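Dumped data17.txt below, it's compact mmCIF, C-alpha atoms and all ligand atoms:
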```
# COMPACT_ATOMS: atom_id res chain seq x y z
CA MET A 503 -29.60 -8.88 8.92
CA ILE A 504 -27.01 -9.76 6.30
CA TYR A 505 -23.52 -10.68 7.48
CA SER A 506 -20.37 -11.21 5.45
CA ARG A 507 -19.18 -14.73 6.15
CA ILE A 508 -15.83 -16.26 5.26
CA GLU A 509 -16.36 -19.21 2.93
CA GLY A 510 -12.71 -20.03 2.36
CA THR A 511 -9.16 -18.77 2.82
CA GLY A 512 -5.80 -19.31 1.16
CA ARG A 513 -2.19 -18.17 1.37
CA TYR A 514 0.90 -18.28 -0.74
CA LEU A 515 4.52 -17.87 0.28
CA PRO A 516 7.29 -17.79 -2.33
CA SER A 517 9.63 -20.78 -2.05
CA LYS A 518 12.77 -18.72 -1.52
CA MET A 519 13.42 -18.31 2.19
CA MET A 520 15.93 -16.16 4.04
CA THR A 521 16.90 -16.82 7.65
CA ASN A 522 18.37 -14.40 10.15
CA PHE A 523 21.66 -16.24 9.67
CA ASP A 524 21.55 -15.43 5.95
CA LEU A 525 21.09 -11.74 6.88
CA GLU A 526 24.15 -11.88 9.15
CA LYS A 527 26.16 -12.25 5.94
CA LEU A 528 24.62 -9.09 4.42
CA VAL A 529 24.57 -6.53 7.24
CA ASP A 530 25.96 -6.01 10.74
CA THR A 531 23.23 -7.90 12.58
CA ASN A 532 22.70 -11.22 14.33
CA ASP A 533 19.98 -13.78 14.87
CA GLU A 534 19.76 -13.00 18.58
CA TRP A 535 19.10 -9.26 18.03
CA ILE A 536 16.48 -9.86 15.34
CA LYS A 537 14.69 -12.57 17.35
CA THR A 538 14.60 -10.69 20.64
CA ARG A 539 13.73 -7.28 19.16
CA THR A 540 11.22 -8.42 16.53
CA GLY A 541 10.39 -12.14 16.88
CA VAL A 542 11.32 -12.72 13.23
CA GLU A 543 13.37 -15.86 12.47
CA ARG A 544 12.88 -16.23 8.73
CA ARG A 545 11.00 -14.61 5.85
CA HIS A 546 10.10 -15.53 2.27
CA LEU A 547 11.25 -13.58 -0.78
CA ALA A 548 9.49 -13.36 -4.12
CA GLY A 549 11.53 -14.72 -7.02
CA ALA A 550 12.87 -12.34 -9.68
CA ASP A 551 9.95 -13.28 -11.94
CA GLN A 552 7.27 -12.95 -9.24
CA ALA A 553 5.23 -9.78 -8.82
CA THR A 554 2.46 -9.02 -6.32
CA SER A 555 -0.23 -10.24 -8.74
CA ASP A 556 1.53 -13.62 -9.04
CA LEU A 557 1.51 -14.09 -5.27
CA GLY A 558 -2.06 -12.81 -4.98
CA TYR A 559 -3.22 -15.10 -7.78
CA GLU A 560 -1.81 -18.19 -6.03
CA ALA A 561 -3.46 -17.24 -2.73
CA ALA A 562 -6.75 -16.51 -4.51
CA LYS A 563 -6.75 -19.92 -6.22
CA LYS A 564 -6.37 -21.61 -2.84
CA ALA A 565 -9.15 -19.53 -1.27
CA ILE A 566 -11.49 -20.36 -4.18
CA GLU A 567 -10.68 -24.07 -3.87
CA ASN A 568 -11.06 -23.98 -0.08
CA ALA A 569 -14.45 -22.23 -0.39
CA GLY A 570 -15.60 -24.78 -2.97
CA ILE A 571 -17.03 -22.06 -5.18
CA ASP A 572 -17.03 -21.64 -8.92
CA LYS A 573 -14.67 -18.77 -9.77
CA GLU A 574 -17.36 -17.43 -12.12
CA ASP A 575 -19.45 -16.66 -8.99
CA ILE A 576 -16.99 -13.95 -7.90
CA ASP A 577 -18.60 -10.55 -8.42
CA LEU A 578 -16.11 -8.31 -6.60
CA ILE A 579 -12.31 -8.33 -6.26
CA ILE A 580 -10.49 -6.05 -3.83
CA ILE A 581 -6.80 -6.28 -3.09
CA GLY A 582 -4.92 -4.46 -0.36
CA THR A 583 -1.39 -3.75 -1.53
CA THR A 584 1.30 -1.13 -1.33
CA THR A 585 3.55 -2.82 -3.85
CA PRO A 586 1.40 -3.06 -7.01
CA ASP A 587 2.85 -4.62 -10.17
CA TYR A 588 2.17 -1.47 -12.16
CA VAL A 589 0.88 2.06 -11.68
CA PHE A 590 -2.06 0.76 -13.72
CA PRO A 591 -3.86 -1.51 -14.50
CA ASN A 592 -4.54 -2.12 -10.83
CA THR A 593 -3.35 -5.41 -9.38
CA GLY A 594 -6.94 -6.57 -8.81
CA THR A 595 -7.58 -6.57 -12.56
CA LEU A 596 -4.33 -8.46 -13.20
CA ILE A 597 -5.44 -11.18 -10.79
CA GLN A 598 -8.93 -11.18 -12.31
CA ASP A 599 -7.40 -11.80 -15.74
CA ARG A 600 -5.13 -14.57 -14.41
CA LEU A 601 -8.19 -16.23 -12.88
CA GLY A 602 -9.93 -16.04 -16.25
CA ILE A 603 -12.98 -14.17 -14.97
CA HIS A 604 -14.33 -11.02 -16.56
CA GLY A 605 -16.61 -8.09 -15.87
CA CYS A 606 -16.80 -7.82 -12.09
CA PRO A 607 -15.30 -4.73 -10.43
CA ALA A 608 -11.69 -5.21 -9.39
CA PHE A 609 -9.59 -2.63 -7.61
CA SER A 610 -6.81 -2.13 -5.15
CA VAL A 611 -6.76 -0.34 -1.82
CA GLU A 612 -3.57 1.33 -0.68
CA ALA A 613 -3.25 1.64 3.09
CA ALA A 614 0.19 0.12 3.75
CA CYS A 615 0.09 -2.64 6.39
CA SER A 616 -3.61 -1.94 7.05
CA GLY A 617 -4.44 -2.57 3.37
CA PHE A 618 -6.16 -5.91 3.90
CA ILE A 619 -8.31 -4.69 6.79
CA TYR A 620 -9.30 -1.66 4.70
CA ALA A 621 -10.10 -3.93 1.72
CA LEU A 622 -12.09 -6.32 3.90
CA SER A 623 -14.09 -3.45 5.39
CA VAL A 624 -14.98 -2.19 1.91
CA ALA A 625 -16.02 -5.69 0.78
CA ASP A 626 -18.13 -6.08 3.92
CA LYS A 627 -20.05 -2.90 3.03
CA PHE A 628 -20.65 -4.13 -0.54
CA ILE A 629 -22.05 -7.39 0.84
CA GLN A 630 -24.19 -5.75 3.51
CA THR A 631 -25.87 -3.48 0.99
CA GLY A 632 -26.85 -6.53 -1.00
CA GLY A 633 -24.95 -5.73 -4.17
CA THR A 634 -22.25 -8.37 -3.84
CA LYS A 635 -22.87 -12.09 -3.56
CA CYS A 636 -19.31 -13.39 -3.64
CA ALA A 637 -16.24 -11.27 -2.93
CA LEU A 638 -12.59 -12.16 -3.32
CA VAL A 639 -10.50 -10.12 -0.89
CA ILE A 640 -6.72 -10.31 -1.07
CA GLY A 641 -3.72 -8.89 0.75
CA ALA A 642 -0.50 -9.31 -1.23
CA GLU A 643 2.90 -7.68 -1.13
CA VAL A 644 6.41 -7.88 -2.46
CA MET A 645 7.80 -5.65 0.29
CA THR A 646 11.35 -6.81 -0.35
CA SER A 647 11.29 -4.85 -3.63
CA LEU A 648 11.35 -1.68 -1.50
CA ILE A 649 14.13 -2.83 0.78
CA ASP A 650 17.60 -1.35 0.97
CA TRP A 651 19.57 -4.50 1.72
CA SER A 652 22.39 -2.47 3.28
CA ASP A 653 20.09 -0.88 5.92
CA ARG A 654 19.98 -3.15 8.97
CA ASN A 655 17.26 -1.01 10.55
CA THR A 656 14.71 -2.15 7.99
CA CYS A 657 16.00 -5.05 5.88
CA VAL A 658 15.63 -7.57 8.72
CA LEU A 659 11.94 -6.82 9.20
CA PHE A 660 10.08 -7.52 5.98
CA GLY A 661 9.02 -10.46 3.82
CA ASP A 662 6.79 -11.27 0.85
CA GLY A 663 3.53 -13.22 0.63
CA ALA A 664 -0.19 -13.18 -0.08
CA GLY A 665 -3.39 -14.16 1.68
CA ALA A 666 -6.92 -14.29 0.31
CA MET A 667 -10.49 -14.99 1.34
CA ILE A 668 -13.87 -15.60 -0.22
CA LEU A 669 -16.71 -13.73 1.47
CA LYS A 670 -20.43 -14.34 0.94
CA PRO A 671 -23.61 -12.91 2.44
CA SER A 672 -25.20 -15.03 5.15
CA SER A 673 -27.94 -14.85 7.74
CA GLU A 674 -25.55 -16.59 10.14
CA THR A 675 -23.23 -14.25 12.00
CA GLY A 676 -19.95 -13.40 10.34
CA ILE A 677 -18.28 -9.99 10.34
CA LEU A 678 -19.77 -8.06 13.26
CA ASP A 679 -17.94 -4.77 12.95
CA CYS A 680 -15.13 -3.04 11.05
CA LYS A 681 -13.45 0.07 12.36
CA LEU A 682 -10.87 2.04 10.39
CA GLY A 683 -8.66 4.94 11.38
CA ALA A 684 -5.83 7.08 10.04
CA ASP A 685 -3.72 10.04 11.04
CA GLY A 686 -1.56 11.63 8.36
CA LYS A 687 0.36 13.71 10.87
CA TYR A 688 2.57 10.65 11.30
CA LYS A 689 3.41 10.45 7.59
CA ASP A 690 7.13 11.04 8.12
CA LEU A 691 7.68 8.17 10.57
CA LEU A 692 7.22 5.32 8.12
CA LEU A 693 7.41 5.93 4.38
CA TYR A 694 8.80 5.10 0.98
CA PRO A 695 9.15 8.64 -0.38
CA ALA A 696 8.87 8.20 -4.14
CA GLY A 697 5.98 7.54 -6.51
CA PRO A 698 4.52 8.36 -9.92
CA SER A 699 3.84 12.03 -9.11
CA LYS A 700 6.85 12.69 -6.90
CA ASP A 701 10.50 11.74 -7.30
CA PHE A 702 9.54 8.91 -9.64
CA LYS A 703 13.03 8.69 -11.10
CA LYS A 704 14.48 7.79 -7.70
CA ILE A 705 12.67 4.44 -7.75
CA GLY A 706 14.96 1.58 -8.58
CA THR A 707 18.11 3.70 -8.37
CA GLY A 708 18.75 3.19 -4.66
CA GLU A 709 18.05 6.90 -4.09
CA ALA A 710 14.58 6.11 -2.76
CA LYS A 711 14.42 3.82 0.24
CA LEU A 712 12.04 2.69 2.94
CA ILE A 713 12.45 4.95 5.96
CA MET A 714 11.23 4.07 9.43
CA SER A 715 11.69 5.77 12.79
CA GLY A 716 11.46 2.37 14.45
CA SER A 717 11.04 3.25 18.11
CA ASP A 718 8.59 6.11 17.38
CA VAL A 719 6.49 3.81 15.20
CA PHE A 720 6.68 1.17 17.90
CA LYS A 721 5.28 3.48 20.60
CA VAL A 722 2.37 4.78 18.51
CA ALA A 723 1.62 1.25 17.25
CA VAL A 724 1.39 -0.19 20.77
CA ARG A 725 -0.87 2.62 21.98
CA THR A 726 -3.08 2.77 18.87
CA LEU A 727 -3.55 -0.99 18.51
CA GLY A 728 -4.38 -1.37 22.20
CA ASP A 729 -6.93 1.47 22.03
CA ALA A 730 -8.42 0.16 18.75
CA ALA A 731 -8.80 -3.38 20.10
CA GLU A 732 -10.49 -2.19 23.30
CA GLU A 733 -12.78 0.13 21.32
CA ALA A 734 -13.81 -2.71 18.99
CA LEU A 735 -14.83 -4.87 21.95
CA LYS A 736 -16.56 -2.07 23.85
CA ALA A 737 -18.59 -0.91 20.82
CA ASN A 738 -19.90 -4.44 20.39
CA ASN A 739 -20.51 -5.19 24.09
CA VAL A 740 -17.93 -7.96 24.05
CA ASN A 741 -15.97 -8.73 27.24
CA LYS A 742 -12.26 -9.44 26.88
CA GLU A 743 -12.68 -13.01 28.11
CA GLU A 744 -15.23 -13.75 25.37
CA LEU A 745 -12.61 -13.32 22.66
CA ASP A 746 -11.37 -16.65 21.27
CA TRP A 747 -8.62 -15.40 18.93
CA LEU A 748 -6.55 -12.36 18.16
CA VAL A 749 -5.18 -12.29 14.61
CA PRO A 750 -2.88 -9.27 14.63
CA HIS A 751 -0.70 -7.63 12.01
CA GLN A 752 2.64 -9.40 12.29
CA ALA A 753 5.14 -6.54 12.50
CA ASN A 754 6.83 -7.23 15.81
CA LEU A 755 6.25 -9.88 18.47
CA ARG A 756 6.68 -7.28 21.22
CA ILE A 757 3.89 -5.12 19.77
CA ILE A 758 1.64 -8.18 19.56
CA GLN A 759 2.47 -9.14 23.17
CA ALA A 760 1.57 -5.62 24.32
CA THR A 761 -1.86 -5.79 22.66
CA ALA A 762 -2.48 -9.28 24.02
CA LYS A 763 -1.58 -8.06 27.50
CA ARG A 764 -4.03 -5.16 27.22
CA LEU A 765 -6.75 -7.60 26.19
CA GLU A 766 -5.70 -9.96 29.03
CA LEU A 767 -5.35 -12.62 26.37
CA PRO A 768 -2.76 -15.42 26.77
CA LEU A 769 -0.41 -15.77 23.78
CA GLU A 770 -1.96 -19.22 23.15
CA LYS A 771 -5.00 -17.31 21.87
CA VAL A 772 -2.97 -15.25 19.42
CA ILE A 773 -2.13 -16.48 15.92
CA LEU A 774 1.58 -15.82 15.47
CA THR A 775 3.35 -16.03 12.12
CA VAL A 776 5.88 -13.23 12.53
CA GLN A 777 8.61 -15.79 13.24
CA ASP A 778 8.10 -17.48 9.86
CA HIS A 779 6.85 -14.64 7.64
CA GLY A 780 8.37 -11.41 8.97
CA ASN A 781 6.33 -8.28 8.29
CA THR A 782 4.47 -8.87 5.02
CA SER A 783 2.44 -5.66 5.28
CA ALA A 784 -1.09 -6.09 3.88
CA ALA A 785 -0.54 -9.85 3.45
CA SER A 786 0.19 -10.53 7.09
CA ILE A 787 -3.34 -10.76 8.53
CA PRO A 788 -4.96 -12.90 5.80
CA MET A 789 -1.98 -15.26 5.89
CA ALA A 790 -2.13 -15.55 9.69
CA LEU A 791 -5.88 -16.12 9.54
CA ASP A 792 -5.41 -18.88 6.97
CA VAL A 793 -2.75 -20.52 9.16
CA GLY A 794 -5.10 -20.50 12.18
CA ILE A 795 -8.09 -21.79 10.24
CA ARG A 796 -6.23 -24.52 8.34
CA ASP A 797 -4.42 -25.93 11.37
CA GLY A 798 -7.79 -26.20 13.12
CA ARG A 799 -7.25 -23.70 15.90
CA ILE A 800 -9.86 -21.21 14.69
CA GLN A 801 -13.22 -22.99 14.70
CA ARG A 802 -16.61 -22.03 13.25
CA GLY A 803 -18.59 -19.83 15.63
CA GLN A 804 -15.55 -18.53 17.51
CA LEU A 805 -15.02 -14.84 18.13
CA VAL A 806 -12.00 -13.43 16.29
CA LEU A 807 -10.47 -9.95 16.37
CA MET A 808 -8.17 -8.90 13.54
CA GLU A 809 -6.18 -5.69 13.86
CA ALA A 810 -3.74 -3.80 11.68
CA PHE A 811 -1.42 -0.80 11.85
CA GLY A 812 0.78 0.71 9.18
CA GLY A 813 2.31 3.67 7.37
CA GLY A 814 0.22 6.84 7.21
CA PHE A 815 -0.49 5.97 9.96
CA THR A 816 -3.47 3.81 9.14
CA TRP A 817 -5.09 1.25 11.39
CA GLY A 818 -8.18 -0.89 11.65
CA THR A 819 -9.98 -3.73 13.39
CA VAL A 820 -12.42 -6.38 12.20
CA LEU A 821 -14.44 -8.27 14.80
CA MET A 822 -16.13 -11.40 13.51
CA ARG A 823 -17.63 -14.75 14.34
CA TYR A 824 -15.80 -17.17 12.09
O1 LIG A 901 4.23 -2.72 9.91
C1 LIG A 901 4.11 -1.35 10.12
C2 LIG A 901 4.45 -0.94 11.47
N1 LIG A 901 5.84 -1.17 11.77
C3 LIG A 901 6.16 -1.45 13.01
O2 LIG A 901 5.28 -1.60 13.81
C4 LIG A 901 7.62 -1.50 13.42
C5 LIG A 901 7.78 -0.81 14.73
N2 LIG A 901 9.14 -0.76 15.26
C6 LIG A 901 9.82 -1.86 15.64
O3 LIG A 901 9.35 -2.96 15.49
C7 LIG A 901 11.12 -1.66 16.36
O4 LIG A 901 11.31 -0.30 16.67
C8 LIG A 901 12.37 -2.17 15.55
C9 LIG A 901 12.36 -3.69 15.53
C10 LIG A 901 12.34 -1.62 14.14
C11 LIG A 901 13.66 -1.72 16.23
O5 LIG A 901 13.67 -2.16 17.57
P1 LIG A 901 14.06 -1.15 18.75
O6 LIG A 901 14.04 -1.93 19.98
O7 LIG A 901 13.11 0.01 18.64
O8 LIG A 901 15.54 -0.77 18.38
P2 LIG A 901 16.15 0.66 18.05
O9 LIG A 901 15.72 1.12 16.71
O10 LIG A 901 15.94 1.58 19.21
O11 LIG A 901 17.70 0.30 17.98
C12 LIG A 901 18.39 -0.20 19.14
C13 LIG A 901 19.81 -0.49 18.75
C14 LIG A 901 20.49 0.66 18.00
O12 LIG A 901 21.83 0.70 18.42
P3 LIG A 901 22.34 1.79 19.49
O13 LIG A 901 22.01 3.12 18.88
O14 LIG A 901 21.54 1.51 20.73
O15 LIG A 901 23.79 1.51 19.62
C15 LIG A 901 20.43 0.21 16.56
O16 LIG A 901 21.47 0.78 15.78
O17 LIG A 901 19.87 -1.62 17.87
C16 LIG A 901 20.60 -1.27 16.68
N3 LIG A 901 20.07 -2.01 15.56
C17 LIG A 901 20.47 -3.24 15.23
N4 LIG A 901 21.38 -4.06 15.76
C18 LIG A 901 21.53 -5.27 15.20
C19 LIG A 901 19.10 -1.63 14.70
N5 LIG A 901 18.86 -2.60 13.80
C20 LIG A 901 19.69 -3.61 14.11
C21 LIG A 901 19.91 -4.88 13.55
N6 LIG A 901 20.84 -5.68 14.13
N7 LIG A 901 19.21 -5.32 12.49
```
If you convert what's in this file into structure tokens, what do you get?
Ligand code: UT7
Amino acid sequence: MIYSRIEGTGRYLPSKMMTNFDLEKLVDTNDEWIKTRTGVERRHLAGADQATSDLGYEAAKKAIENAGIDKEDIDLIIIGTTTPDYVFPNTGTLIQDRLGIHGCPAFSVEAACSGFIYALSVADKFIQTGGTKCALVIGAEVMTSLIDWSDRNTCVLFGDGAGAMILKPSSETGILDCKLGADGKYKDLLLYPAGPSKDFKKIGTGEAKLIMSGSDVFKVAVRTLGDAAEEALKANNVNKEELDWLVPHQANLRIIQATAKRLELPLEKVILTVQDHGNTSAASIPMALDVGIRDGRIQRGQLVLMEAFGGGFTWGTVLMRY
């Protein structure tokens, strides 16, 4: 049996940081509301000269260094992102070029906040079929480029960042199972309604903006993530108490608490970054994983469940032994 095993991880956060108190000066909000409703205290913002590929490149460099591999060994690059630099070339190829490697397939996967889990699932399949020997999987976003800074319903939630990992085949256990889901009937609850083939001219004019029916999204997210987490454990004959870590998408502390409660998992066993990063969409899980691994909480051999939920709706879980 071939497993995909994480050889190294990395993350990058832009240096510019915005606190809830900074936001109080922009919109009618306050630190107390943002903290109690979302858990967010601060978020990082990409600089004017930083695009998604720049953030992804920095995270990738750290993952390569952490894995101790030669970058020439990479034979697959997949990036989950909803905020690509360009329509094309895809952001994966831009990062490939920045890394100075050539020839391997590089592409992006667009599944909103579930983008990294989707990308990781695809990479896992490439490795399991024996075709890929060293994959670079990235989640990177400049979500703040989509933000209407006068809309307090959404501008307090998001941040920018990138996380990356190097995956290799191994006979030791690694990724045990990936499960993905989607339901387009929810497309109108969370969306940025403009793109190359529809209302393109609205982009950048303020006419197009991120729209979210917050409390509706919240309810479906809580239910779907709880169901998905339980299903992932059940399908793999894992009891709740066997789980060492939950690494959830960092959209809202209250959503994370609800999932943890359903799994009967104390918050000490959940990697939380929402307070420092905000919702970084596809970047949130790989960054949280990197935090947990680098500070020594997540140890080799431990059982980890990652789970994501985002616009579409899309969702997914990855169960693995680190
Ligand atoms: O990553 C993809 C998935 N995304 C998510 O999972 C996000 C899911 N949704 C949420 O996290 C929450 O719904 C929010 C954090 C977005 C909102 O929290 P909520 O508890 O659902 O609040 P709400 O939208 O029901 O608004 C409650 C009140 C409203 O005032 P009234 O109508 O009760 O007078 C809002 O106008 O809070 C008001 N409000 C704010 N007040 C201060 C909304 N935004 C703000 C704000 N500051 N920034």
- Task: Compare A:Glu612, A:Glu732, A:Glu674, A:Asp533 by their minimum atom-to-atom distance to ligand LIG 901 (chain A), counting all atoms listed in the file, and give me the closest one.
- Result: A:Asp533
- Task: Please write out the residues within 9 Å of ligand LIG 901 (chain A) as a ChimeraX atom specification, counting all atoms listed in the file.
- Result: /A:525-526,529-536,538-541,614-616,653-660,692,714-724,751-757,781-784,810-813,815
Which polymer residues have any atom within 12 Å of an atom of His546 (chain A), counting all atoms listed in the file, with same-chain residues fewer than 6 positions away left out, as a PDB file with C-alpha atoms, in the coordinates of the input?
```pdb
ATOM      1  CA  TYR A 514       0.900 -18.280  -0.740  1.00  0.00           C
ATOM      2  CA  LEU A 515       4.520 -17.870   0.280  1.00  0.00           C
ATOM      3  CA  PRO A 516       7.290 -17.790  -2.330  1.00  0.00           C
ATOM      4  CA  SER A 517       9.630 -20.780  -2.050  1.00  0.00           C
ATOM      5  CA  LYS A 518      12.770 -18.720  -1.520  1.00  0.00           C
ATOM      6  CA  MET A 519      13.420 -18.310   2.190  1.00  0.00           C
ATOM      7  CA  MET A 520      15.930 -16.160   4.040  1.00  0.00           C
ATOM      8  CA  THR A 521      16.900 -16.820   7.650  1.00  0.00           C
ATOM      9  CA  ASN A 522      18.370 -14.400  10.150  1.00  0.00           C
ATOM     10  CA  LEU A 557       1.510 -14.090  -5.270  1.00  0.00           C
ATOM     11  CA  GLU A 643       2.900  -7.680  -1.130  1.00  0.00           C
ATOM     12  CA  VAL A 644       6.410  -7.880  -2.460  1.00  0.00           C
ATOM     13  CA  MET A 645       7.800  -5.650   0.290  1.00  0.00           C
ATOM     14  CA  THR A 646      11.350  -6.810  -0.350  1.00  0.00           C
ATOM     15  CA  VAL A 658      15.630  -7.570   8.720  1.00  0.00           C
ATOM     16  CA  LEU A 659      11.940  -6.820   9.200  1.00  0.00           C
ATOM     17  CA  PHE A 660      10.080  -7.520   5.980  1.00  0.00           C
ATOM     18  CA  GLY A 661       9.020 -10.460   3.820  1.00  0.00           C
ATOM     19  CA  ASP A 662       6.790 -11.270   0.850  1.00  0.00           C
ATOM     20  CA  GLY A 663       3.530 -13.220   0.630  1.00  0.00           C
ATOM     21  CA  ALA A 664      -0.190 -13.180  -0.080  1.00  0.00           C
ATOM     22  CA  THR A 775       3.350 -16.030  12.120  1.00  0.00           C
ATOM     23  CA  VAL A 776       5.880 -13.230  12.530  1.00  0.00           C
ATOM     24  CA  GLN A 777       8.610 -15.790  13.240  1.00  0.00           C
ATOM     25  CA  ASP A 778       8.100 -17.480   9.860  1.00  0.00           C
ATOM     26  CA  HIS A 779       6.850 -14.640   7.640  1.00  0.00           C
ATOM     27  CA  GLY A 780       8.370 -11.410   8.970  1.00  0.00           C
ATOM     28  CA  ASN A 781       6.330  -8.280   8.290  1.00  0.00           C
ATOM     29  CA  THR A 782       4.470  -8.870   5.020  1.00  0.00           C
TER      30      THR A 782
END
```
- Find the residues near region 696-711 of chain A: any atom within 7 Å, counting only C-alpha atoms, skip ones fewer than 4 places away on the same chain, and give them as a PyMOL selection string. chain A and resi 648-650
- Task: Work out how far CA of Ile677 (chain A) is from CA of Ser623 (chain A), in Å to one decimal.
- Result: 9.2 Å
- Message: Could you tell me how far CA of Glu560 (chain A) sits from CA of Glu543 (chain A), in Å to one decimal place?
- Response: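 So the two atoms, CA of Glu543 (chain A) and CA of Glu560 (chain A), lie 24.0 Å apart.
Between CA of Lys635 (chain A) and CA of Pro586 (chain A) there is a distance of 26.1 Å.
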- Query: Pick from A:Ile668, A:Ala608, A:Leu622, A:Ala760: nearest to Lys573 (chain A), with only C-alpha atoms counted?
  - Reply: A:Ile668
